[in-house]
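Reviewing the structure listed below.
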Amino acid sequence: SQKIEQNSEALNIQEGKTATLTCNYTNYSPAYLQWYRQDPGRGPVFLLLIRENEKEKRKERLKVTFDTTLKQSLFHITASQPADSATYLCALSRGYQKVTFGTGTKLQVIP
Amino acid sequence: DGGITQSPKYLFRKEGQNVTLSCEQNLNHDAMYWYRQDPGQGLRLIYYSQIVNDFQKGDIAEGYSVSREKKESFPLTVTSAQKNPTAFYLCASISLGGLGTEAFFGQGTRLTVV
């Protein structure tokens, strides 16, 4: 069955550094890979989407890479700020059918 | 403002009761989804619907039921058959006319069995 793995341990980094989160998947060939941010007690908020034929996508301080050979996506936040502290979820889909989410990685940016 | 609204924010259920969680969207999205999230866990898909009067089971549909009588509404009923219903429930919608599958989420309903 499809499996999405994100580092379940929290990631602590110093303010100003680049945070890198990893999403690995197996038994799946997604057409789309997405990253969401979730704050405690709130619904996830969409950040970035990358398609299977794209290698990299950027938006302001965010960068996502998508390696379909390694079956891996990396999510980078440059010049991290305490306000970036949240849980980040990776999600995969082949279109409008099931959107499957990973368990998320909690990021803590230390001032 | 367009968006997706879930209600209530908090819900308490007695053992053996059915409860219904509301999800309404005014984004004119075709597809709607229900997810369950347990503490420290990811989102698990319960049911989804791509068109009115049609829906499919997700990974953990047992003990839940849904309806899609209107495009804007996708209520979820947690039945007494769901043995461990305490969780955070999230509704999402997606436009099928877009280039990607960005999901818009509601703010969630936290259900507690008392």
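The way I read the labels, and the way they are meant: chains A, B, ... in the order of the structure tokens, residue 1 as the first residue of every chain, and ligand 1 as the first ligand shown, with later ones counted on from there.
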TODO: Do me a favour and pick out the residues of chain B within 10 Å of chain A, using only C-alpha atoms, as a PyMOL selection string.
DONE: chain B and resi 9+30-33+35+37+40-45+47-50+56-59+88-92+94-110
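Near Glu56 in chain A, within 8 Å and counting only C-alpha atoms, sit Ile50, Lys63, Val64, Thr65 and Phe66 of chain A, not including residues fewer than 5 positions from it in the same chain.
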Can I get the selected residues back with N, CA, C and O atoms, as a JSON list (two decimals), in the first residue's frame?
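Contents of selection_17.json, freshly written:
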[["chain", "number", "residue", "atom", "x", "y", "z"],
["A", 50, "ILE", "N", 4.05, 20.91, -6.43],
["A", 50, "ILE", "CA", 5.02, 20.63, -7.48],
["A", 50, "ILE", "C", 4.54, 19.42, -8.27],
["A", 50, "ILE", "O", 4.02, 18.45, -7.69],
["A", 63, "LYS", "N", 11.27, 26.61, -0.75],
["A", 63, "LYS", "CA", 11.70, 25.90, -1.94],
["A", 63, "LYS", "C", 11.37, 24.43, -1.79],
["A", 63, "LYS", "O", 11.61, 23.84, -0.72],
["A", 64, "VAL", "N", 10.82, 23.84, -2.82],
["A", 64, "VAL", "CA", 10.49, 22.42, -2.81],
["A", 64, "VAL", "C", 11.19, 21.75, -3.98],
["A", 64, "VAL", "O", 11.21, 22.29, -5.09],
["A", 65, "THR", "N", 11.76, 20.59, -3.72],
["A", 65, "THR", "CA", 12.31, 19.76, -4.79],
["A", 65, "THR", "C", 11.55, 18.45, -4.84],
["A", 65, "THR", "O", 10.98, 18.00, -3.84],
["A", 66, "PHE", "N", 11.56, 17.82, -6.02],
["A", 66, "PHE", "CA", 10.78, 16.60, -6.24],
["A", 66, "PHE", "C", 11.62, 15.67, -7.10],
["A", 66, "PHE", "O", 11.88, 15.98, -8.26]]
Open item on the list: I'd like the contact shell of Gln2 in chain A - 6 Å cut-off, only C-alpha atoms, skipping same-chain residues fewer than 3 positions apart - returned as a list in words.
Closed with: Thr26, Asn27 and Tyr28 of chain A
Export, as a PDB file, in the first residue's frame, the selected residues with all heavy atoms.
ATOM      1  N   THR A  26       6.617   5.481  -0.909  1.00  0.00           N
ATOM      2  CA  THR A  26       6.797   4.170  -1.542  1.00  0.00           C
ATOM      3  C   THR A  26       5.466   3.691  -2.108  1.00  0.00           C
ATOM      4  O   THR A  26       4.392   4.140  -1.689  1.00  0.00           O
ATOM      5  CB  THR A  26       7.307   3.127  -0.535  1.00  0.00           C
ATOM      6  OG1 THR A  26       6.405   3.083   0.577  1.00  0.00           O
ATOM      7  CG2 THR A  26       8.693   3.465  -0.047  1.00  0.00           C
ATOM      8  N   ASN A  27       5.562   2.786  -3.079  1.00  0.00           N
ATOM      9  CA  ASN A  27       4.382   2.164  -3.694  1.00  0.00           C
ATOM     10  C   ASN A  27       3.426   3.205  -4.272  1.00  0.00           C
ATOM     11  O   ASN A  27       2.205   3.061  -4.166  1.00  0.00           O
ATOM     12  CB  ASN A  27       3.646   1.285  -2.689  1.00  0.00           C
ATOM     13  CG  ASN A  27       4.506   0.152  -2.196  1.00  0.00           C
ATOM     14  OD1 ASN A  27       5.311  -0.397  -2.934  1.00  0.00           O
ATOM     15  ND2 ASN A  27       4.371  -0.191  -0.932  1.00  0.00           N
ATOM     16  N   TYR A  28       3.990   4.246  -4.871  1.00  0.00           N
ATOM     17  CA  TYR A  28       3.126   5.304  -5.398  1.00  0.00           C
ATOM     18  C   TYR A  28       3.868   6.060  -6.484  1.00  0.00           C
ATOM     19  O   TYR A  28       5.089   6.206  -6.427  1.00  0.00           O
ATOM     20  CB  TYR A  28       2.738   6.264  -4.259  1.00  0.00           C
ATOM     21  CG  TYR A  28       1.510   7.108  -4.515  1.00  0.00           C
ATOM     22  CD1 TYR A  28       0.415   6.607  -5.185  1.00  0.00           C
ATOM     23  CD2 TYR A  28       1.433   8.423  -4.056  1.00  0.00           C
ATOM     24  CE1 TYR A  28      -0.708   7.367  -5.402  1.00  0.00           C
ATOM     25  CE2 TYR A  28       0.309   9.199  -4.264  1.00  0.00           C
ATOM     26  CZ  TYR A  28      -0.770   8.667  -4.926  1.00  0.00           C
ATOM     27  OH  TYR A  28      -1.883   9.423  -5.136  1.00  0.00           O
TER      28      TYR A  28
END
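If you measure from each of B:Ser67, B:Gln82, B:Asn26, B:Asn18 to Asp54 in chain B using only C-alpha atoms, the closest one turns out to be B:Ser67.
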